[in-house]
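**Student:** upload-v7.tsv is reproduced below (TSV, C-alpha atoms and all ligand atoms).
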```tsv
chain	number	residue	atom	x	y	z
S	298	MET	CA	9.55	83.54	27.33
S	299	LYS	CA	10.20	81.60	24.21
S	300	TYR	CA	8.63	78.18	23.89
S	301	THR	CA	10.67	75.50	22.21
S	302	GLY	CA	9.69	71.95	21.41
S	303	GLU	CA	11.27	70.84	24.67
S	304	THR	CA	9.42	73.16	27.00
S	305	LEU	CA	6.22	71.18	27.38
S	306	PRO	CA	7.88	67.85	28.19
S	307	CYS	CA	10.11	69.76	30.62
S	308	ILE	CA	7.16	71.25	32.47
S	309	PHE	CA	5.44	67.90	32.46
S	310	PHE	CA	8.53	66.27	33.95
S	311	ALA	CA	8.88	68.97	36.62
S	312	VAL	CA	5.25	68.54	37.69
S	313	LEU	CA	5.75	64.78	37.93
S	314	CYS	CA	8.79	65.35	40.12
S	315	ILE	CA	6.85	67.64	42.47
S	316	ILE	CA	4.01	65.12	42.77
S	317	PHE	CA	6.53	62.35	43.46
S	318	VAL	CA	8.29	64.34	46.19
S	319	MET	CA	4.96	65.30	47.79
S	320	THR	CA	3.66	61.74	47.93
S	321	GLN	CA	7.00	60.59	49.35
S	322	LYS	CA	6.79	63.20	52.13
S	323	ARG	CA	3.22	62.23	52.84
S	324	SER	CA	3.94	58.51	53.01
S	325	GLN	CA	6.90	59.23	55.25
S	326	SER	CA	4.79	61.07	57.80
S	327	VAL	CA	2.48	58.06	58.14
S	328	LYS	CA	5.30	55.54	57.87
S	329	ASN	CA	4.72	52.48	60.00
S	330	ILE	CA	7.11	51.71	62.82
S	331	PRO	CA	7.51	47.93	63.00
S	332	LEU	CA	7.93	46.03	66.25
S	333	ALA	CA	11.32	44.75	65.11
S	334	ALA	CA	13.57	45.16	62.08
S	335	PRO	CA	16.87	43.53	61.14
S	336	ASP	CA	20.01	45.65	60.83
S	337	ILE	CA	21.64	44.50	57.60
S	338	THR	CA	24.62	46.43	56.24
S	339	LYS	CA	26.66	46.09	53.07
S	340	LYS	CA	29.00	43.81	55.00
S	341	GLU	CA	26.25	41.23	55.50
S	342	ILE	CA	25.08	41.50	51.90
S	343	ASP	CA	28.63	41.05	50.57
S	344	ALA	CA	29.22	38.09	52.87
S	345	VAL	CA	26.08	36.31	51.67
S	346	LEU	CA	26.80	37.07	48.02
S	347	SER	CA	30.32	35.72	48.32
S	348	VAL	CA	28.95	32.34	49.48
S	349	LEU	CA	26.48	32.32	46.59
S	350	LYS	CA	29.42	32.65	44.21
S	351	THR	CA	30.99	29.43	45.52
S	352	PRO	CA	29.83	25.89	44.69
S	353	VAL	CA	29.33	25.02	48.41
S	354	LEU	CA	26.10	26.39	49.83
S	355	SER	CA	25.84	24.05	52.81
S	356	LEU	CA	28.26	22.13	55.06
S	357	GLY	CA	31.03	24.36	53.74
S	358	PRO	CA	33.62	26.43	55.60
S	359	LYS	CA	31.21	29.08	56.91
S	360	LEU	CA	29.52	26.69	59.35
S	361	PRO	CA	32.63	25.87	61.42
S	362	GLU	CA	33.76	29.50	61.16
S	363	PHE	CA	30.45	30.74	62.59
S	364	GLU	CA	30.60	28.09	65.32
S	365	LYS	CA	34.17	28.99	66.24
S	366	ASN	CA	33.24	32.66	66.51
S	367	LEU	CA	30.20	31.91	68.66
S	368	ALA	CA	32.24	29.70	70.98
S	369	MET	CA	34.97	32.31	71.26
S	370	TYR	CA	32.50	35.10	71.95
S	371	THR	CA	30.80	33.20	74.78
S	372	LYS	CA	34.02	31.51	75.98
S	373	ARG	CA	32.53	28.07	75.41
S	374	LYS	CA	34.48	25.06	74.22
S	375	TYR	CA	31.88	23.98	71.66
S	376	ALA	CA	29.20	25.56	69.51
S	377	VAL	CA	26.92	23.56	67.22
S	378	ALA	CA	24.92	25.81	64.89
S	379	MET	CA	21.60	24.70	63.47
S	380	ASN	CA	18.45	25.83	61.74
S	381	SER	CA	16.60	27.28	64.76
S	382	GLY	CA	16.74	27.93	68.46
S	383	THR	CA	13.91	25.45	68.89
S	384	SER	CA	16.00	22.73	67.20
S	385	ALA	CA	18.90	23.62	69.52
S	386	LEU	CA	16.68	23.18	72.59
S	387	HIS	CA	15.34	19.90	71.23
S	388	LEU	CA	18.79	18.46	70.66
S	389	ILE	CA	19.94	19.45	74.17
S	390	VAL	CA	16.93	17.66	75.65
S	391	ARG	CA	17.75	14.55	73.62
S	392	ALA	CA	21.49	14.77	74.31
S	393	LEU	CA	20.80	14.86	78.06
S	394	GLY	CA	18.59	11.78	77.72
S	395	ILE	CA	15.49	13.54	79.01
S	396	GLY	CA	12.33	11.69	77.99
S	397	ALA	CA	9.03	10.11	79.00
S	398	GLY	CA	8.40	10.18	82.74
S	399	ASP	CA	10.99	12.90	83.37
S	400	GLU	CA	10.20	16.32	84.77
S	401	VAL	CA	11.97	19.56	83.97
S	402	ILE	CA	11.49	22.71	86.02
S	403	THR	CA	10.99	25.79	83.88
S	404	THR	CA	9.31	29.18	83.57
S	405	PRO	CA	5.79	29.86	82.28
S	406	PHE	CA	6.86	33.37	81.16
S	407	SER	CA	8.80	32.72	77.96
S	408	PHE	CA	8.48	32.03	74.28
S	409	ILE	CA	6.67	28.71	73.97
S	410	ALA	CA	9.64	26.88	72.42
S	411	SER	CA	11.46	26.78	75.77
S	412	SER	CA	8.74	24.50	77.05
S	413	ASN	CA	7.66	22.74	73.83
S	414	CYS	CA	11.14	21.21	73.52
S	415	LEU	CA	10.25	19.06	76.56
S	416	LEU	CA	6.95	17.98	75.04
S	417	PHE	CA	8.77	16.81	71.89
S	418	GLU	CA	10.34	14.08	74.05
S	419	ASN	CA	7.28	13.46	76.24
S	420	ALA	CA	8.95	15.01	79.28
S	421	LYS	CA	6.80	17.12	81.58
S	422	PRO	CA	7.40	20.85	82.09
S	423	VAL	CA	6.92	21.73	85.76
S	424	PHE	CA	6.40	25.45	85.93
S	425	VAL	CA	7.63	27.73	88.71
S	426	ASP	CA	6.37	31.30	89.02
S	427	ILE	CA	8.61	34.23	88.16
S	428	ASP	CA	10.32	37.04	90.02
S	429	PRO	CA	8.31	40.27	89.60
S	430	LEU	CA	11.40	42.39	88.93
S	431	SER	CA	13.52	40.25	86.62
S	432	PHE	CA	10.57	38.38	85.01
S	433	ASN	CA	12.81	35.29	85.27
S	434	ILE	CA	12.17	32.07	87.16
S	435	ASP	CA	11.86	32.70	90.93
S	436	VAL	CA	14.75	30.66	92.29
S	437	SER	CA	13.30	30.70	95.83
S	438	LYS	CA	10.35	28.61	94.61
S	439	ILE	CA	12.28	25.93	92.72
S	440	GLU	CA	13.31	23.46	95.39
S	441	GLU	CA	9.76	22.74	96.58
S	442	LYS	CA	9.01	21.48	93.04
S	443	ILE	CA	11.94	19.07	92.81
S	444	THR	CA	10.94	15.39	92.88
S	445	LYS	CA	12.66	12.09	92.09
S	446	LYS	CA	11.56	12.58	88.49
S	447	THR	CA	13.24	15.98	88.11
S	448	LYS	CA	16.01	15.73	85.54
S	449	ALA	CA	16.83	19.37	84.87
S	450	ILE	CA	16.07	23.03	85.35
S	451	LEU	CA	15.54	24.95	82.12
S	452	ALA	CA	15.87	28.68	82.83
S	453	VAL	CA	15.41	31.48	80.31
S	454	ASP	CA	17.27	34.81	80.15
S	455	VAL	CA	14.09	36.59	79.22
S	456	PHE	CA	14.18	39.94	77.32
S	457	GLY	CA	17.98	39.88	77.68
S	458	ARG	CA	17.87	39.87	81.50
S	459	MET	CA	19.98	37.16	83.05
S	460	ALA	CA	18.41	34.59	85.35
S	461	ASP	CA	19.94	34.08	88.81
S	462	TRP	CA	22.57	31.61	87.60
S	463	LYS	CA	24.57	31.49	90.84
S	464	LYS	CA	21.55	30.24	92.74
S	465	LEU	CA	20.47	28.00	89.85
S	466	GLN	CA	23.90	26.35	89.75
S	467	GLN	CA	23.77	25.81	93.52
S	468	ILE	CA	20.38	24.11	93.33
S	469	ALA	CA	21.35	21.96	90.34
S	470	LYS	CA	24.53	20.82	92.07
S	471	LYS	CA	22.77	20.05	95.35
S	472	HIS	CA	20.12	17.89	93.64
S	473	ASN	CA	22.43	16.49	90.99
S	474	ILE	CA	20.30	17.63	88.06
S	475	PHE	CA	21.13	19.29	84.74
S	476	LEU	CA	20.91	22.99	83.98
S	477	ILE	CA	19.73	24.13	80.56
S	478	GLU	CA	20.09	27.79	79.62
S	479	ASP	CA	17.73	29.25	77.05
S	480	SER	CA	19.71	32.38	76.22
S	481	ALA	CA	17.90	32.88	72.90
S	482	GLU	CA	17.03	36.43	73.97
S	483	ALA	CA	20.32	37.37	75.61
S	484	LEU	CA	23.24	37.25	73.17
S	485	GLY	CA	25.69	39.88	74.43
S	486	SER	CA	24.23	40.14	77.94
S	487	GLU	CA	26.52	39.39	80.88
S	488	TYR	CA	26.15	38.06	84.41
S	489	PHE	CA	29.02	38.67	86.85
S	490	GLY	CA	31.30	39.31	83.88
S	491	LYS	CA	30.40	36.15	81.98
S	492	LYS	CA	28.46	36.13	78.74
S	493	ALA	CA	24.96	34.71	78.35
S	494	GLY	CA	25.28	31.25	76.87
S	495	LYS	CA	28.02	30.32	79.35
S	496	PHE	CA	25.72	28.99	82.08
S	497	GLY	CA	24.19	25.58	82.39
S	498	ASN	CA	25.41	22.27	81.03
S	499	ALA	CA	24.29	23.54	77.65
S	500	SER	CA	22.83	26.80	76.37
S	501	ILE	CA	21.18	27.99	73.21
S	502	PHE	CA	21.01	31.06	71.01
S	503	ALA	CA	18.44	31.82	68.33
S	504	PHE	CA	18.90	33.95	65.24
S	505	TYR	CA	15.41	34.76	63.98
S	506	PRO	CA	15.36	38.31	62.54
S	507	ASN	CA	13.99	39.94	65.70
S	508	LYS	CA	16.87	38.65	67.85
S	509	GLN	CA	20.03	40.64	68.64
S	510	ILE	CA	21.77	39.06	65.63
S	511	THR	CA	20.14	37.14	62.82
S	512	THR	CA	20.94	34.44	60.29
S	513	GLY	CA	17.45	34.67	58.75
S	514	GLU	CA	16.51	31.55	60.68
S	515	GLY	CA	18.97	29.77	62.90
S	516	GLY	CA	20.15	28.75	66.32
S	517	ALA	CA	23.06	27.16	68.17
S	518	VAL	CA	23.93	24.94	71.11
S	519	LEU	CA	26.79	26.14	73.31
S	520	THR	CA	28.47	23.83	75.79
S	521	ASP	CA	31.76	22.88	77.43
S	522	ASP	CA	30.72	19.22	77.47
S	523	ARG	CA	32.27	17.23	74.64
S	524	LYS	CA	29.65	14.50	74.80
S	525	ILE	CA	26.72	16.91	74.50
S	526	ALA	CA	28.46	18.71	71.62
S	527	ASP	CA	29.15	15.46	69.75
S	528	LEU	CA	25.57	14.24	70.16
S	529	CYS	CA	24.13	17.56	68.98
S	530	PHE	CA	26.54	17.56	66.04
S	531	SER	CA	25.41	14.06	65.09
S	532	MET	CA	21.67	14.56	65.56
S	533	ARG	CA	21.77	17.83	63.60
S	534	SER	CA	22.60	15.91	60.47
S	535	GLN	CA	20.77	12.55	60.33
S	536	GLY	CA	22.62	10.97	63.22
S	537	HIS	CA	26.00	10.29	61.71
S	538	ASP	CA	29.12	10.79	63.76
S	539	LYS	CA	31.97	13.12	62.89
S	540	ASN	CA	34.07	10.62	61.03
S	541	SER	CA	31.44	8.28	59.67
S	542	SER	CA	30.49	8.33	56.01
S	543	TRP	CA	27.51	10.26	54.68
S	544	LEU	CA	25.03	7.36	54.51
S	545	ILE	CA	26.02	5.51	57.69
S	546	HIS	CA	23.93	6.59	60.67
S	547	GLN	CA	24.81	5.85	64.29
S	548	ARG	CA	21.56	7.08	65.86
S	549	LEU	CA	18.25	8.74	65.13
S	550	GLY	CA	18.94	12.16	63.72
S	551	TYR	CA	17.25	15.06	62.02
S	552	ASN	CA	17.96	17.59	59.34
S	553	TYR	CA	18.52	20.63	61.55
S	554	ARG	CA	21.41	21.94	59.44
S	555	LEU	CA	22.16	25.63	58.89
S	556	SER	CA	23.35	26.54	55.39
S	557	ASP	CA	26.58	28.39	54.69
S	558	ILE	CA	24.47	31.24	53.31
S	559	ASN	CA	22.89	31.72	56.74
S	560	CYS	CA	26.23	31.23	58.49
S	561	ALA	CA	27.89	33.95	56.40
S	562	LEU	CA	25.15	36.33	57.50
S	563	GLY	CA	25.67	35.28	61.12
S	564	ILE	CA	29.45	35.74	60.95
S	565	ALA	CA	29.05	39.27	59.61
S	566	GLN	CA	26.43	40.11	62.26
S	567	LEU	CA	28.46	38.70	65.13
S	568	LYS	CA	31.47	40.77	64.01
S	569	ARG	CA	29.32	43.87	64.61
S	570	ILE	CA	28.01	42.75	68.01
S	571	ARG	CA	29.69	45.58	69.98
S	572	SER	CA	28.11	48.23	67.80
S	573	ILE	CA	24.78	46.37	67.91
S	574	ILE	CA	24.81	46.36	71.72
S	575	GLN	CA	25.67	50.07	71.66
S	576	LYS	CA	22.87	50.90	69.22
S	577	ARG	CA	20.31	49.05	71.33
S	578	LYS	CA	21.49	50.92	74.42
S	579	ILE	CA	21.00	54.22	72.64
S	580	VAL	CA	17.45	53.27	71.58
S	581	ALA	CA	16.61	52.23	75.16
S	582	GLY	CA	17.98	55.64	76.20
S	583	PHE	CA	15.58	57.39	73.77
S	584	TYR	CA	12.71	55.53	75.42
S	585	LYS	CA	13.84	56.51	78.90
S	586	LYS	CA	14.06	60.12	77.80
S	587	HIS	CA	10.64	60.24	76.15
S	588	LEU	CA	8.60	57.79	78.25
S	589	GLY	CA	10.38	58.34	81.56
S	590	LYS	CA	7.88	60.83	82.95
S	591	ILE	CA	4.69	59.25	81.64
S	592	ARG	CA	2.35	58.11	84.40
S	593	GLY	CA	0.69	54.72	84.43
S	594	ILE	CA	3.58	52.63	83.16
S	595	THR	CA	6.83	51.09	84.40
S	596	LEU	CA	9.74	51.05	81.97
S	597	PRO	CA	12.05	48.04	81.69
S	598	PRO	CA	15.30	48.54	83.62
S	599	LEU	CA	18.31	49.86	81.69
S	600	SER	CA	20.73	48.21	84.07
S	601	ILE	CA	20.65	45.48	86.69
S	602	PRO	CA	23.34	45.00	89.38
S	603	HIS	CA	26.12	42.57	88.32
S	604	GLN	CA	24.68	42.37	84.80
S	605	LYS	CA	25.18	43.91	81.41
S	606	MET	CA	22.04	43.80	79.40
S	607	ASN	CA	21.61	43.52	75.67
S	608	ILE	CA	17.89	44.23	75.57
S	609	PHE	CA	15.82	41.92	73.36
S	610	VAL	CA	12.32	43.41	73.44
S	611	TYR	CA	11.33	46.67	75.06
S	612	ALA	CA	8.25	45.77	77.09
S	613	ILE	CA	6.59	48.40	79.22
S	614	LEU	CA	4.35	47.35	82.11
S	615	LEU	CA	0.95	49.00	82.56
S	616	ASP	CA	-0.09	49.88	86.12
S	617	GLU	CA	-2.53	47.50	87.75
S	618	LYS	CA	-5.46	49.88	87.29
S	619	TYR	CA	-5.45	49.07	83.57
S	620	THR	CA	-7.62	46.07	82.69
S	621	ALA	CA	-7.10	43.51	79.93
S	622	HIS	CA	-9.65	45.49	77.96
S	623	ASP	CA	-7.67	48.71	78.47
S	624	ARG	CA	-4.55	47.04	77.18
S	625	MET	CA	-6.36	45.85	74.09
S	626	ARG	CA	-7.66	49.37	73.46
S	627	ILE	CA	-4.19	50.89	73.94
S	628	MET	CA	-2.61	48.37	71.57
S	629	GLU	CA	-5.30	48.95	68.97
S	630	GLY	CA	-4.65	52.68	69.26
S	631	LEU	CA	-0.93	52.18	68.75
S	632	LYS	CA	-1.53	49.97	65.72
S	633	LYS	CA	-3.97	52.48	64.24
S	634	ASN	CA	-1.13	54.98	64.38
S	635	GLY	CA	1.18	52.61	62.56
S	636	ILE	CA	3.07	51.58	65.70
S	637	GLY	CA	3.86	47.87	66.01
S	638	CYS	CA	3.26	46.34	69.45
S	639	ARG	CA	2.61	42.95	71.03
S	640	GLU	CA	1.67	41.40	74.35
S	641	TYR	CA	4.97	39.78	75.36
S	642	PHE	CA	4.37	36.99	76.57
S	643	PRO	CA	1.04	35.26	77.00
S	644	THR	CA	1.98	32.70	79.68
S	645	ILE	CA	2.76	29.20	78.44
S	646	HIS	CA	0.66	27.31	80.99
S	647	LEU	CA	-2.48	29.10	79.77
S	648	GLN	CA	-1.98	28.21	76.11
S	649	GLY	CA	-4.95	26.04	75.14
S	650	PHE	CA	-3.14	22.78	74.54
S	651	TYR	CA	-1.12	23.10	77.75
S	652	LYS	CA	-4.31	23.61	79.77
S	653	GLN	CA	-5.81	20.57	78.09
S	654	LYS	CA	-2.79	18.33	78.43
S	655	PHE	CA	-1.65	19.26	81.94
S	656	GLY	CA	-4.76	20.79	83.54
S	657	TYR	CA	-3.17	24.18	84.19
S	658	LYS	CA	-5.58	27.02	84.94
S	659	MET	CA	-5.73	30.72	85.58
S	660	GLY	CA	-4.31	31.54	88.99
S	661	ASP	CA	-1.65	28.83	88.98
S	662	PHE	CA	1.22	31.31	88.54
S	663	PRO	CA	-0.13	34.67	89.69
S	664	VAL	CA	3.04	36.75	89.24
S	665	ALA	CA	3.63	35.56	85.69
S	666	GLU	CA	-0.05	36.05	84.87
S	667	SER	CA	-0.20	39.56	86.33
S	668	ILE	CA	2.88	40.65	84.37
S	669	SER	CA	1.78	38.84	81.25
S	670	ASN	CA	-1.56	40.67	81.35
S	671	ARG	CA	0.05	44.11	81.56
S	672	THR	CA	3.04	44.13	79.21
S	673	ILE	CA	3.16	45.87	75.88
S	674	ALA	CA	6.26	45.39	73.77
S	675	LEU	CA	7.00	48.57	71.80
S	676	PRO	CA	9.06	48.87	68.61
S	677	PHE	CA	12.67	48.08	69.43
S	678	PHE	CA	15.48	47.60	66.93
S	679	ASN	CA	19.00	48.87	66.29
S	680	ASN	CA	18.07	51.66	63.90
S	681	LEU	CA	14.95	53.00	65.62
S	682	LYS	CA	15.14	56.80	65.43
S	683	GLU	CA	14.60	59.26	68.25
S	684	ALA	CA	11.86	60.97	66.22
S	685	GLU	CA	10.04	57.65	66.00
S	686	VAL	CA	10.35	57.11	69.75
S	687	ARG	CA	9.01	60.63	70.28
S	688	LYS	CA	5.99	59.79	68.14
S	689	ILE	CA	5.42	56.53	70.02
S	690	SER	CA	5.60	58.44	73.28
S	691	THR	CA	3.05	61.05	72.19
S	692	VAL	CA	0.58	58.44	70.96
S	693	LEU	CA	1.02	56.23	74.02
S	694	GLN	CA	0.58	59.15	76.40
S	695	SER	CA	-2.74	60.14	74.85
S	696	LEU	CA	-3.97	56.53	74.93
S	697	LEU	CA	-3.03	56.13	78.61
S	698	LYS	CA	-4.73	59.36	79.60
S	699	THR	CA	-8.20	58.19	78.66
S	700	LYS	CA	-8.25	56.07	81.82
L	801	LIG	C1	13.32	32.95	69.93
L	801	LIG	C2	13.29	32.06	71.07
L	801	LIG	C3	13.45	30.67	70.95
L	801	LIG	C4	13.42	29.90	69.66
L	801	LIG	O1	14.04	30.37	68.62
L	801	LIG	P1	13.63	29.97	67.11
L	801	LIG	O2	14.89	30.21	66.40
L	801	LIG	O3	12.51	30.88	66.72
L	801	LIG	O4	13.23	28.54	67.09
L	801	LIG	C5	13.51	29.91	72.10
L	801	LIG	N1	13.40	30.46	73.30
L	801	LIG	C6	13.20	31.78	73.47
L	801	LIG	C7	13.09	32.31	74.86
L	801	LIG	C8	13.12	32.62	72.37
L	801	LIG	O5	12.88	33.93	72.53
```
For the structure just supplied, provide its representation as structure tokens.
**Tutor:**
Amino acid sequence: MKYTGETLPCIFFAVLCIIFVMTQKRSQSVKNIPLAAPDITKKEIDAVLSVLKTPVLSLGPKLPEFEKNLAMYTKRKYAVAMNSGTSALHLIVRALGIGAGDEVITTPFSFIASSNCLLFENAKPVFVDIDPLSFNIDVSKIEEKITKKTKAILAVDVFGRMADWKKLQQIAKKHNIFLIEDSAEALGSEYFGKKAGKFGNASIFAFYPNKQITTGEGGAVLTDDRKIADLCFSMRSQGHDKNSSWLIHQRLGYNYRLSDINCALGIAQLKRIRSIIQKRKIVAGFYKKHLGKIRGITLPPLSIPHQKMNIFVYAILLDEKYTAHDRMRIMEGLKKNGIGCREYFPTIHLQGFYKQKFGYKMGDFPVAESISNRTIALPFFNNLKEAEVRKISTVLQSLLKTK
């Protein structure tokens, strides 16, 4: 072999390449699997970039377009998009005139925002325990909690499972109170053929990156009630009405606006909603295949009668023999193996400041507490691979066996 001046650099380069490939392989085999991950395609990136190339980054055409698409998708008359699901809940509470001295019946098994929105306006959340199968508010226990102060029921479609809206609507009608639907976790789910976000006097969606579709941060109010829509529209942007000028304010308002950059992302995501629902179904199917025969856990249902489910988080339930300490050990084991997981949800009534403010204690809502103590949310997102689910299954199985 004849050495030229180029041979040495060539060999050097080849060795570098081999080292690079090897380290890539290695880092892939220990790659972390996050709890959630957004599904952003070129379509979303192009949509956002195209807004950035215009002079109007907020209150431009993308906001009403996103709202129109949301309203059409859920068959609602009005959608008012804003900067978070929490803001959307807050504005519904204000639009319905719920305030100091009022009570609202709600679930302790939810993300804390569904209850905090009542505290913002000094209304009192009155919790009702949950149904052990759906994890949603137990409708058979609501009426005993209704008093003269009860203004509304705020039910949550938790994990993408629909609450019992037929019964909820009956109760609300009978007692002449409002219904608020927190469907932040259920975009794309259906109940008797109607989409989540269609129930209640007003409903919300949220678009944080772990939700079924994302705008980065964002949320929306959905309603068929013109008055609620107008009030939310006004309060979203400093309290001025539709036709009033920029610096004239009809009521107390906020800056809860959602920029056109976020809206463009939302429009592109919502266009893909069918494929997103399909992808999530496939991932849930991987879990059923690989976790289905593991002892010691109950898997979340893949289907519920009269419902279509767009799963939000995939939370398995440990058998009752596992203690709180066991769950901690199992979760630590998962994390050590690079597998994201979380206890979804710690109950709201046992959050420190709720206990302090309202005197709630352990044992108040035994079903919610029992479930809350035994759930582990596993990685769940549109592009989760079967190989990753297989790995999660293997690790989980070995952690469960040590009991
Ligand atoms: C995500 C979520 C919210 C709030 O959404 P943000 O956009 O994070 O404010 C409200 N309720 C429930 C049940 C949620 O899961």
**Student:** Out of S:Lys350, S:Lys374, S:Lys508, S:Arg577, which residue has the shortest atom-to-atom distance to ligand LIG 801 (chain L) when counting only C-alpha atoms and all ligand atoms?
**Tutor:**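 Going through S:Lys350, S:Lys374, S:Lys508, S:Arg577 one by one, the smallest distance to ligand LIG 801 (chain L) is for S:Lys508.
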**Student:** Take the point (30.3, 22.6, 79.5) in the file's coordinates, draw a sphere of radius 7 Å around it, and report as a ChimeraX atom specification every protein, DNA or RNA residue with an atom inside or on it, counting all atoms listed in the file.
**Tutor:** /S:498-499,520-522
**Student:** Counting only C-alpha atoms, figure out which residue out of S:Ile558, S:Val518, S:Ile409, S:Ile545 gets nearest to Gly649 (chain S).
**Tutor:**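 Smallest distance to Gly649 (chain S) is found for S:Ile409.
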**Student:** For a test of reading the model, state the distance in Å between CA of Leu346 (chain S) and CA of Ala561 (chain S), rounded to one decimal.
**Tutor:**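 CA of Ala561 (chain S) lies at a distance of 9.0 Å from CA of Leu346 (chain S).
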**Student:** Point out the residue among S:Asn670, S:Thr403, S:Ser480, S:Asn473 with the least atom-to-atom distance to Ile439 (chain S), counting only C-alpha atoms.
**Tutor:**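 The answer is S:Thr403, which sits nearest to Ile439 (chain S).
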**Student:** Show me, as a list in words, the residues that have an atom within 10 Å of Ala376 (chain S) when counting all atoms listed in the file, minus same-chain residues fewer than 6 positions from it.
**Tutor:**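 Here the answer would be Pro361, Phe363, Glu364, Lys365, Asn366, Leu367, Ala368, Met369, Ala499, Ser500, Ile501, Phe502, Ala517, Val518, Leu519, Thr520, Asp521, Ala526, Cys529 and Phe530 of chain S.
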**Student:** Could you work out how far CA of Phe678 (chain S) lies from CA of Asn607 (chain S), giving the answer in Å with one decimal?
**Tutor:**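 For CA of Asn607 (chain S) relative to CA of Phe678 (chain S), the distance reads 11.4 Å.
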**Student:** Would you list the contacts of Val425 (chain S) as a ChimeraX atom specification, taking every protein, DNA or RNA residue within 12 Å and counting all atoms listed in the file, but skipping same-chain residues closer than 3 positions in sequence?
**Tutor:** /S:401-407,422,428,432-443,450-452,644-646,661-666
**Student:** Quick one: distance from CA of Lys359 (chain S) to CA of Asn679 (chain S) in Å, one decimal?
**Tutor:**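 Answer for the CA of Lys359 (chain S) to CA of Asn679 (chain S) separation: 25.1 Å.
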**Student:** Given only C-alpha atoms and all ligand atoms as the basis, pick out the residue of S:Ser412, S:Ser600, S:Ser431, S:Gln575 nearest to ligand LIG 801 (chain L).
**Tutor:**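 That would be S:Ser412, the residue with the smallest distance to ligand LIG 801 (chain L).
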**Student:** Using only C-alpha atoms, can you list as number ranges by chain the residues within 7 Å of (2.9, 44.3, 73.4)?
**Tutor:** S: 612, 638-641, 672-675
**Student:** I need the residue nearest ligand LIG 801 (chain L) from this list: S:Leu693, S:Leu681, S:Cys414, S:Ala621. Use all atoms listed in the file for the distance.
**Tutor:**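 With all atoms listed in the file as the atom set, the closest residue is S:Cys414.
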